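Have a look at final32.txt; it's compact mmCIF, C-alpha atoms:
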```txt
# COMPACT_ATOMS: atom_id res chain seq x y z
CA MET A 1 121.67 120.27 102.24
CA PRO A 2 119.73 119.17 99.12
CA ALA A 3 123.03 118.64 97.25
CA LEU A 4 124.42 116.52 100.10
CA ARG A 5 121.19 114.52 100.26
CA ASP A 6 121.25 113.90 96.49
CA ARG A 7 124.92 112.86 96.62
CA LEU A 8 124.14 110.48 99.49
CA THR A 9 121.19 109.02 97.56
CA VAL A 10 123.23 108.37 94.41
CA SER A 11 126.06 106.89 96.53
CA VAL A 12 123.69 104.48 98.31
CA ALA A 13 122.27 103.31 94.96
CA ALA A 14 125.76 102.95 93.44
CA ALA A 15 127.28 101.13 96.44
CA THR A 16 124.43 98.65 96.94
CA GLY A 17 124.04 98.08 93.20
CA ALA A 18 127.78 97.51 92.65
CA PHE A 19 127.92 95.14 95.63
CA MET A 20 124.99 93.08 94.31
CA VAL A 21 126.75 92.65 90.95
CA VAL A 22 130.17 91.84 92.44
CA GLN A 23 128.85 89.36 95.03
CA TYR A 24 127.53 87.20 92.16
CA PHE A 25 131.16 86.41 91.28
CA VAL A 26 132.45 86.12 94.89
CA ASN A 27 132.23 82.70 96.49
CA ALA A 28 132.50 83.62 100.18
CA ALA A 29 130.23 83.17 103.19
CA TRP A 30 130.44 86.84 104.25
CA SER A 31 129.43 88.03 100.77
CA ASP A 32 126.46 85.65 100.76
CA GLY A 33 125.48 86.88 104.24
CA VAL A 34 125.58 90.56 103.22
CA TYR A 35 123.62 89.69 100.05
CA ARG A 36 120.85 88.00 102.08
CA THR A 37 120.79 90.87 104.59
CA LEU A 38 120.38 93.39 101.77
CA LEU A 39 117.56 91.31 100.27
CA ASP A 40 115.82 91.31 103.69
CA TRP A 41 116.27 95.08 103.97
CA MET A 42 114.81 95.52 100.49
CA GLN A 43 111.74 93.53 101.52
CA ILE A 44 111.31 95.60 104.68
CA ILE A 45 111.63 98.90 102.77
CA PHE A 46 109.19 97.57 100.18
CA ALA A 47 106.72 96.65 102.96
CA ALA A 48 107.11 100.12 104.49
CA SER A 49 106.51 101.75 101.10
CA LEU A 50 103.35 99.66 100.72
CA VAL A 51 102.10 100.91 104.10
CA VAL A 52 102.92 104.47 103.00
CA GLY A 53 100.91 103.85 99.83
CA VAL A 54 97.95 102.56 101.85
CA ILE A 55 98.05 105.62 104.14
CA SER A 56 98.22 107.89 101.08
CA VAL A 57 95.19 106.22 99.44
CA LEU A 58 93.16 106.40 102.67
CA ARG A 59 94.17 110.04 103.19
CA ASN A 60 93.14 110.97 99.65
CA HIS A 61 89.79 109.24 99.99
CA LEU A 62 89.18 110.86 103.36
CA SER A 63 89.74 114.31 101.89
CA ARG A 64 87.54 113.33 98.90
CA ALA A 65 84.79 112.20 101.30
CA ILE A 66 84.96 115.58 103.03
CA SER A 67 85.25 117.84 99.98
CA LYS A 68 83.17 116.05 97.31
CA PRO A 69 79.62 115.20 98.47
CA GLN A 70 78.81 113.20 95.31
CA GLU A 71 81.82 110.90 95.92
CA ARG A 72 81.41 110.73 99.71
CA TRP A 73 79.75 107.33 100.04
CA TYR A 74 82.07 105.57 97.62
CA SER A 75 85.17 106.88 99.39
CA LEU A 76 83.69 105.91 102.76
CA ILE A 77 83.00 102.40 101.46
CA LEU A 78 86.64 102.12 100.39
CA ILE A 79 87.96 103.38 103.73
CA VAL A 80 85.61 101.22 105.83
CA SER A 81 86.27 98.06 103.77
CA ALA A 82 90.05 98.58 103.93
CA LEU A 83 89.96 99.13 107.69
CA ALA A 84 87.53 96.24 108.26
CA MET A 85 89.66 93.81 106.23
CA SER A 86 92.81 94.93 108.08
CA LEU A 87 91.07 94.62 111.44
CA LEU A 88 89.80 91.11 110.60
CA GLY A 89 93.31 90.02 109.65
CA PHE A 90 95.18 91.65 112.54
CA ALA A 91 92.68 91.00 115.32
CA PHE A 92 91.32 87.55 114.46
CA GLY A 93 94.11 86.04 112.33
CA ALA A 94 94.30 85.10 108.68
CA GLY A 95 94.34 81.32 109.00
CA ARG A 96 91.95 78.67 107.73
CA GLY A 97 88.34 79.31 108.80
CA SER A 98 89.00 82.95 109.73
CA SER A 99 86.66 85.83 108.84
CA PHE A 100 89.56 87.40 106.93
CA LEU A 101 89.78 84.37 104.65
CA TRP A 102 85.97 84.28 104.34
CA ALA A 103 86.01 87.89 103.11
CA PHE A 104 88.76 87.02 100.64
CA ASP A 105 87.02 83.87 99.33
CA HIS A 106 83.49 85.26 99.13
CA LEU A 107 84.00 88.94 98.36
CA GLN A 108 87.45 89.82 97.03
CA ALA A 109 88.37 86.78 94.88
CA PRO A 110 84.99 86.51 93.06
CA MET A 111 84.94 90.27 92.38
CA GLN A 112 88.52 90.15 91.08
CA SER A 113 87.82 87.29 88.71
CA THR A 114 84.61 89.06 87.57
CA VAL A 115 86.58 92.24 86.79
CA PHE A 116 89.09 90.20 84.75
CA SER A 117 86.29 88.33 82.97
CA LEU A 118 84.75 91.70 81.97
CA LEU A 119 87.67 92.02 79.57
CA ALA A 120 86.27 89.09 77.53
CA PHE A 121 83.43 91.38 76.36
CA TYR A 122 85.77 94.25 75.50
CA ILE A 123 88.24 91.95 73.70
CA ALA A 124 85.37 90.51 71.64
CA SER A 125 84.11 93.99 70.82
CA ALA A 126 87.60 95.32 69.96
CA ALA A 127 88.40 92.25 67.86
CA PHE A 128 85.14 92.63 65.92
CA ARG A 129 85.90 96.29 65.15
CA GLY A 130 89.68 96.15 64.78
CA PHE A 131 90.46 92.76 63.24
CA ARG A 132 90.57 93.56 59.55
CA ALA A 133 93.21 92.06 57.23
CA ARG A 134 94.22 95.49 55.89
CA SER A 135 97.90 94.54 55.36
CA GLY A 136 100.04 91.42 55.18
CA GLU A 137 101.11 91.84 58.81
CA SER A 138 97.56 92.20 60.14
CA ALA A 139 96.50 89.18 58.04
CA ILE A 140 99.29 87.11 59.65
CA LEU A 141 98.24 88.25 63.13
CA LEU A 142 94.60 87.44 62.37
CA ALA A 143 95.44 84.00 60.93
CA ALA A 144 97.69 83.06 63.88
CA ALA A 145 95.05 84.16 66.41
CA PHE A 146 92.28 82.33 64.52
CA ILE A 147 94.21 79.04 64.22
CA VAL A 148 95.31 79.03 67.89
CA LEU A 149 91.81 79.98 69.11
CA VAL A 150 89.91 77.48 66.96
CA ALA A 151 92.37 74.64 67.57
CA ARG A 152 91.95 74.87 71.35
CA VAL A 153 88.18 74.27 71.27
CA PRO A 154 86.33 71.10 70.11
CA LEU A 155 85.25 72.91 66.91
CA GLY A 156 88.86 72.97 65.68
CA GLU A 157 89.32 69.22 65.96
CA SER A 158 86.01 68.59 64.22
CA LEU A 159 87.04 70.87 61.32
CA SER A 160 90.48 69.32 60.85
CA GLY A 161 92.51 66.67 62.60
CA HIS A 162 95.63 68.81 62.09
CA ALA A 163 94.26 71.92 63.83
CA SER A 164 95.80 71.11 67.20
CA SER A 165 99.25 70.26 65.77
CA ALA A 166 99.17 73.44 63.60
CA ALA A 167 98.43 75.54 66.69
CA ASP A 168 101.19 73.76 68.62
CA TRP A 169 103.64 74.48 65.79
CA ILE A 170 102.67 78.17 65.69
CA VAL A 171 103.17 78.51 69.45
CA ASN A 172 106.37 76.42 69.65
CA VAL A 173 108.22 77.65 66.55
CA PRO A 174 107.53 81.12 65.03
CA ALA A 175 105.85 82.61 68.14
CA LEU A 176 108.64 81.20 70.33
CA ALA A 177 111.30 82.74 68.04
CA ALA A 178 109.75 86.21 68.38
CA LYS A 179 109.28 85.71 72.13
CA ARG A 180 112.93 84.72 72.57
CA ALA A 181 114.15 87.73 70.60
CA MET A 182 111.95 90.02 72.68
CA LEU A 183 113.17 88.42 75.92
CA ILE A 184 116.77 88.96 74.81
CA GLY A 185 115.96 92.59 73.95
CA ILE A 186 114.15 93.15 77.25
CA GLY A 187 117.01 91.51 79.17
CA LEU A 188 119.64 93.69 77.50
CA GLY A 189 117.45 96.78 78.04
CA MET A 190 117.04 96.00 81.73
CA VAL A 191 120.78 95.43 82.16
CA ALA A 192 121.48 98.78 80.44
CA THR A 193 118.96 100.57 82.68
CA ALA A 194 120.38 98.88 85.80
CA LEU A 195 123.90 100.00 84.83
CA LYS A 196 122.61 103.57 84.36
CA VAL A 197 121.05 103.46 87.86
CA ILE A 198 124.29 102.20 89.41
CA ALA A 199 126.35 104.78 87.51
CA GLY A 200 124.01 107.55 88.71
CA VAL A 201 122.91 108.53 85.19
CA GLU A 202 119.31 107.35 85.71
CA ARG A 203 117.83 109.31 88.63
CA THR A 204 114.08 109.36 87.98
CA TYR A 205 113.51 107.42 91.24
CA MET A 206 114.60 110.63 93.00
CA GLY A 207 111.43 112.26 91.76
CA ARG A 208 112.84 114.38 88.93
CA ARG A 209 114.64 114.03 85.60
CA MET B 1 69.58 59.57 114.12
CA ALA B 2 68.20 61.06 110.91
CA PHE B 3 66.20 63.59 112.92
CA THR B 4 69.29 64.81 114.84
CA THR B 5 71.39 65.38 111.72
CA SER B 6 68.72 67.08 109.58
CA LYS B 7 68.52 70.40 111.47
CA PRO B 8 72.22 71.39 111.27
CA GLN B 9 72.19 70.47 107.56
CA VAL B 10 69.31 72.92 106.86
CA GLU B 11 71.13 75.65 108.82
CA SER B 12 74.34 75.04 106.89
CA GLU B 13 72.47 75.24 103.54
CA ALA B 14 70.90 78.53 104.64
CA ILE B 15 74.34 79.91 105.50
CA VAL B 16 75.73 78.74 102.16
CA ASN B 17 72.86 80.39 100.24
CA TRP B 18 73.32 83.65 102.15
CA GLU B 19 77.04 83.65 101.32
CA LEU B 20 76.37 82.78 97.68
CA THR B 21 73.77 85.52 97.37
CA ILE B 22 76.20 88.19 98.57
CA THR B 23 78.86 86.93 96.14
CA ALA B 24 76.32 86.75 93.29
CA LEU B 25 75.01 90.27 93.91
CA LEU B 26 78.55 91.65 93.90
CA THR B 27 79.29 89.74 90.68
CA LEU B 28 76.15 91.20 89.06
CA ALA B 29 77.09 94.67 90.33
CA ILE B 30 80.40 94.43 88.47
CA TYR B 31 78.78 93.05 85.31
CA SER B 32 76.37 96.01 85.41
CA PHE B 33 79.30 98.07 84.06
CA LEU B 34 78.56 96.51 80.65
CA TYR B 35 75.43 98.69 80.61
CA GLY B 36 77.41 101.75 81.66
CA ASP B 37 78.92 103.37 84.75
CA ASN B 38 76.38 103.16 87.58
CA PRO B 39 76.18 103.33 91.40
CA PHE B 40 76.08 99.50 91.80
CA TYR B 41 79.33 99.11 89.86
CA ARG B 42 80.99 101.98 91.71
CA PHE B 43 79.97 100.46 95.05
CA ALA B 44 81.52 97.09 94.08
CA GLU B 45 84.61 98.79 92.60
CA HIS B 46 85.33 100.76 95.78
CA LEU B 47 84.59 97.73 97.96
CA LEU B 48 87.05 95.64 95.91
CA VAL B 49 89.80 98.27 96.14
CA GLY B 50 89.26 98.62 99.91
CA LEU B 51 89.32 94.86 100.50
CA SER B 52 92.44 94.49 98.33
CA ILE B 53 94.21 97.21 100.32
CA GLY B 54 93.36 95.51 103.62
CA TYR B 55 94.34 92.09 102.28
CA SER B 56 97.76 93.20 101.00
CA LEU B 57 98.41 95.14 104.22
CA VAL B 58 97.70 92.11 106.43
CA LEU B 59 99.77 89.78 104.22
CA THR B 60 102.70 92.22 104.04
CA VAL B 61 102.80 92.80 107.78
CA GLY B 62 102.37 89.08 108.51
CA SER B 63 104.96 87.82 106.03
CA ILE B 64 107.60 90.58 106.13
CA ILE B 65 107.37 93.01 109.05
CA MET B 66 106.57 90.45 111.77
CA PRO B 67 109.23 87.79 110.95
CA LYS B 68 111.97 90.17 109.74
CA VAL B 69 111.58 93.12 112.15
CA VAL B 70 109.32 92.46 115.15
CA THR B 71 110.45 88.89 115.97
CA PRO B 72 114.23 89.65 115.75
CA LEU B 73 113.78 92.78 117.90
CA ALA B 74 111.75 90.80 120.44
CA HIS B 75 114.66 88.31 120.63
CA GLY B 76 117.19 91.08 121.21
CA ASP B 77 118.60 91.19 117.65
CA PHE B 78 119.03 94.95 117.33
CA ALA B 79 120.49 94.71 113.80
CA ALA B 80 116.85 94.81 112.70
CA LEU B 81 116.79 98.47 113.80
CA VAL B 82 118.69 99.48 110.63
CA PRO B 83 116.03 98.31 108.13
CA LEU B 84 113.37 99.54 110.57
CA LEU B 85 114.88 103.03 110.40
CA LEU B 86 115.20 102.80 106.62
CA GLY B 87 111.59 101.65 106.34
CA GLY B 88 110.56 104.39 108.77
CA ALA B 89 112.28 106.94 106.53
CA MET B 90 109.83 105.97 103.79
CA PHE B 91 107.09 107.54 105.92
CA LEU B 92 108.78 110.93 105.49
CA ARG B 93 107.26 110.86 101.99
CA LEU B 94 103.96 111.79 103.65
CA SER B 95 105.50 115.09 104.78
CA THR B 96 105.82 117.95 102.28
CA ARG B 97 108.86 119.39 104.10
CA LEU B 98 110.88 116.21 104.75
CA GLY B 99 109.53 114.10 101.88
CA ARG B 100 112.78 114.25 99.88
CA TRP B 101 114.66 112.26 102.57
CA SER B 102 112.61 109.19 101.68
CA GLN B 103 114.70 108.94 98.51
CA ILE B 104 117.56 107.38 100.53
CA PRO B 105 115.79 104.09 101.38
CA MET B 106 114.31 104.25 97.87
CA ALA B 107 117.88 104.45 96.51
CA LEU B 108 118.79 101.28 98.41
CA LEU B 109 115.72 99.52 97.03
CA ILE B 110 116.35 100.65 93.45
CA GLY B 111 120.16 100.32 93.56
CA ALA B 112 120.25 96.85 95.13
CA GLY B 113 117.39 95.73 92.87
CA ALA B 114 119.26 96.99 89.80
CA GLY B 115 122.48 95.28 90.90
CA ALA B 116 120.75 91.97 91.65
CA SER B 117 118.92 92.08 88.32
CA ILE B 118 122.06 92.38 86.15
CA PRO B 119 123.39 88.80 86.56
CA ALA B 120 119.85 87.41 86.83
CA MET B 121 118.70 89.10 83.61
CA LEU B 122 121.84 88.17 81.71
CA GLN B 123 121.49 84.57 82.86
CA ALA B 124 117.76 84.01 82.37
CA ARG B 125 116.78 86.42 79.61
CA VAL B 126 119.88 86.56 77.43
CA LEU B 127 122.29 83.62 77.81
CA LYS B 128 119.69 80.88 78.39
CA GLN B 129 117.55 82.09 75.48
CA MET B 130 120.59 82.25 73.20
CA ALA B 131 121.75 78.78 74.30
CA SER B 132 118.29 77.24 73.68
CA THR B 133 118.12 78.91 70.26
CA ILE B 134 121.54 77.71 69.14
CA SER B 135 121.22 74.17 70.58
CA GLY B 136 118.11 73.45 68.46
CA VAL B 137 119.62 74.41 65.09
CA GLY B 138 119.99 70.75 64.00
CA SER B 139 116.27 70.47 63.09
CA VAL B 140 114.14 72.40 60.58
CA ASP B 141 112.08 73.95 63.39
CA GLY B 142 115.30 74.91 65.18
CA ALA B 143 116.61 76.62 62.05
CA ILE B 144 113.32 78.53 61.68
CA ILE B 145 113.56 79.62 65.34
CA LEU B 146 117.16 80.82 64.83
CA MET B 147 116.13 82.74 61.73
CA GLY B 148 113.12 84.23 63.57
CA VAL B 149 115.22 85.29 66.56
CA LEU B 150 117.85 86.98 64.37
CA ALA B 151 115.22 88.66 62.16
CA THR B 152 113.26 89.95 65.16
CA LEU B 153 116.43 91.22 66.81
CA THR B 154 117.35 93.18 63.65
CA TYR B 155 113.98 94.96 63.92
CA PHE B 156 115.01 96.27 67.35
CA VAL B 157 118.32 97.72 66.18
CA PHE B 158 117.37 101.39 65.98
CA THR B 159 120.90 102.73 65.47
CA ARG B 160 121.02 101.49 61.88
CA GLU B 161 118.73 102.47 59.01
CA GLN B 162 116.44 99.59 58.08
CA THR B 163 117.10 99.43 54.34
CA GLY B 164 118.37 96.73 51.97
CA LEU B 165 119.01 93.25 53.38
CA TRP B 166 118.83 94.62 56.93
CA GLY B 167 115.39 96.12 56.23
CA LYS B 168 114.15 92.85 54.67
CA SER B 169 115.34 90.98 57.76
CA ALA B 170 113.50 93.47 60.00
CA THR B 171 110.33 92.96 57.91
CA VAL B 172 110.57 89.18 58.38
CA GLY B 173 111.10 89.85 62.10
CA ARG B 174 107.88 91.88 62.14
CA TYR B 175 106.02 88.92 60.60
CA PHE B 176 107.35 86.65 63.36
CA MET B 177 106.23 89.18 65.96
CA MET B 178 102.75 89.35 64.41
CA ILE B 179 102.46 85.57 64.79
CA PHE B 180 103.53 85.89 68.43
CA PHE B 181 101.02 88.70 69.07
CA GLY B 182 98.26 86.69 67.37
CA ALA B 183 98.98 83.58 69.48
CA THR B 184 99.23 85.69 72.66
CA PHE B 185 95.95 87.41 71.82
CA ALA B 186 94.29 84.00 71.35
CA TYR B 187 95.54 82.79 74.74
CA THR B 188 94.41 86.03 76.43
CA VAL B 189 90.93 85.65 74.91
CA MET B 190 90.77 82.04 76.09
CA SER B 191 91.84 82.87 79.64
CA ARG B 192 89.29 85.71 79.93
CA VAL B 193 86.51 83.58 78.43
CA ALA B 194 87.43 80.78 80.87
CA LEU B 195 86.99 83.28 83.74
CA LEU B 196 83.67 84.42 82.25
CA ILE B 197 82.47 80.80 81.99
CA GLY B 198 83.49 80.29 85.62
CA ARG B 199 81.46 83.29 86.76
CA LEU B 200 78.43 82.27 84.66
CA GLU B 201 78.65 78.72 86.05
CA PHE B 202 78.65 80.20 89.54
CA LEU B 203 75.66 82.46 88.85
CA LEU B 204 73.54 79.94 86.92
CA GLY B 205 74.71 76.75 88.64
CA ASP B 206 75.86 77.33 92.22
CA TRP B 207 73.54 80.25 92.93
CA LEU B 208 70.39 79.78 90.83
CA HIS B 209 70.71 75.96 90.32
CA THR B 210 69.53 76.25 86.70
CA LEU B 211 72.40 74.26 85.14
```
Can you turn what I pasted into structure tokens?
Amino acid sequence: MPALRDRLTVSVAAATGAFMVVQYFVNAAWSDGVYRTLLDWMQIIFAASLVVGVISVLRNHLSRAISKPQERWYSLILIVSALAMSLLGFAFGAGRGSSFLWAFDHLQAPMQSTVFSLLAFYIASAAFRGFRARSGESAILLAAAFIVLVARVPLGESLSGHASSAADWIVNVPALAAKRAMLIGIGLGMVATALKVIAGVERTYMGRR
Amino acid sequence: MAFTTSKPQVESEAIVNWELTITALLTLAIYSFLYGDNPFYRFAEHLLVGLSIGYSLVLTVGSIIMPKVVTPLAHGDFAALVPLLLGGAMFLRLSTRLGRWSQIPMALLIGAGAGASIPAMLQARVLKQMASTISGVGSVDGAIILMGVLATLTYFVFTREQTGLWGKSATVGRYFMMIFFGATFAYTVMSRVALLIGRLEFLLGDWLHTL
């Protein structure tokens, strides 16, 4: 049974993957219809996997609340807030003026932006400790970061009238060249990985190597 | 007239201050992590994770499951049963005995995603980037970009030893990448500092009215 199940799994991945590639070159209404249906199915499976993930998180925190007294209250806060937010959305709607949106605007969004802004302190601390021009490459990195940073604040313009155009040139010429090369590399790498998935060589999504 | 409008205004200000105080206290609870891990931070952290879970669940159900499964089924379109069954199979992952069967809908998700990404990636990440690089060669900046792209690409060729002219090209490619990393670092710093300024403006201006 496990062998049959694995063969079925690889066949599903190969068939759907091959169809998605071929349909790109087929100009027919039926092919477009199947393509859209598959995209819808993917979204539904993704949504189901998200619900599974939510259940798994809640289950883990429930067992943590039961077995670890020192973590109990934190896990309960997580469970209660997740259930309360879901209840607000499902029972009272998520439209303008709803309690769900109030919780998002006044609790979730400010906390999220605060968490991201915390990184400003750690970046400053890491830059202070790590930014040393020990080699030619690190000196180039330091210089590029310094010019772009200084040119984007009023201090840069007061130091030199060319600061802004120098920063623009760095971003639009050498940095863009490296970015393009990396995008090409990433694109080719993703295509190679996708081909391995379709051919059944890459099977890590099945939970083992 | 002035008397009738003044009372609701005071009530609304009180509500606004109450809302702002909750937001401000949660903001301060998260910033308390700068001092070290503490119960206030952990409270805010778990609250944020819980709210995010609830938010994504409501949005996912509202934007995917309702219009693509529930509504078609309610209108007698039983073709929606197929993805419903596939999505339902994902729940087998929660069982230790039947968990392996969830790899079939996962295979559809991964396989179809891989297939759809091949033309998209080739188009957007490879061909368009190559076309833009080659079309700008007429100018000095365009020539520098072409040189930078080729040099950086040589760095990523791991099947050939990086010695001689090839090695020199890879070194130049590394310099181009360092410039990119430096510029990206600068933009990351600016975006995080902008968020920090926003939070400080909220705390000192909107909440405490000291700005």
* Structure fact -> A straight line from atom CA of A:Gly17 to atom CA of B:Ala116 spans 7.1 Å
* To do: Measure the distance from atom CA of A:Ala109 to atom CA of B:Ile65 in Å and round it to one decimal.
  => 24.5 Å
* To do: Find the distance between atom CA of A:Leu4 and atom CA of A:Gly207 and write it in Å to one decimal.
  =>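 If I compute the distance from atom CA of A:Leu4 to atom CA of A:Gly207, I get 16.0 Å.
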* Hey, which of B:Phe33, B:Ile145, B:Ser95, B:Thr21 ends up closest to A:Phe121? Count all atoms listed in the file. ->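 Closest to A:Phe121 of all the choices is B:Phe33.
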* **Spatial neighbours of B:Gly113, max dist 12 Å, only C-alpha atoms, sep filter under 4 positions, as an MDAnalysis selection string** => (chainID A and resid 13:21 35 38:43 45:46 190:191 193:195 197:198) or (chainID B and resid 106:109 117:121)
* Quick one: of B:Val157, B:Met177, B:Leu98, B:Ala89, who's nearest to chain A, counting all atoms listed in the file? ->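 So, comparing all the options, the nearest one is B:Met177.
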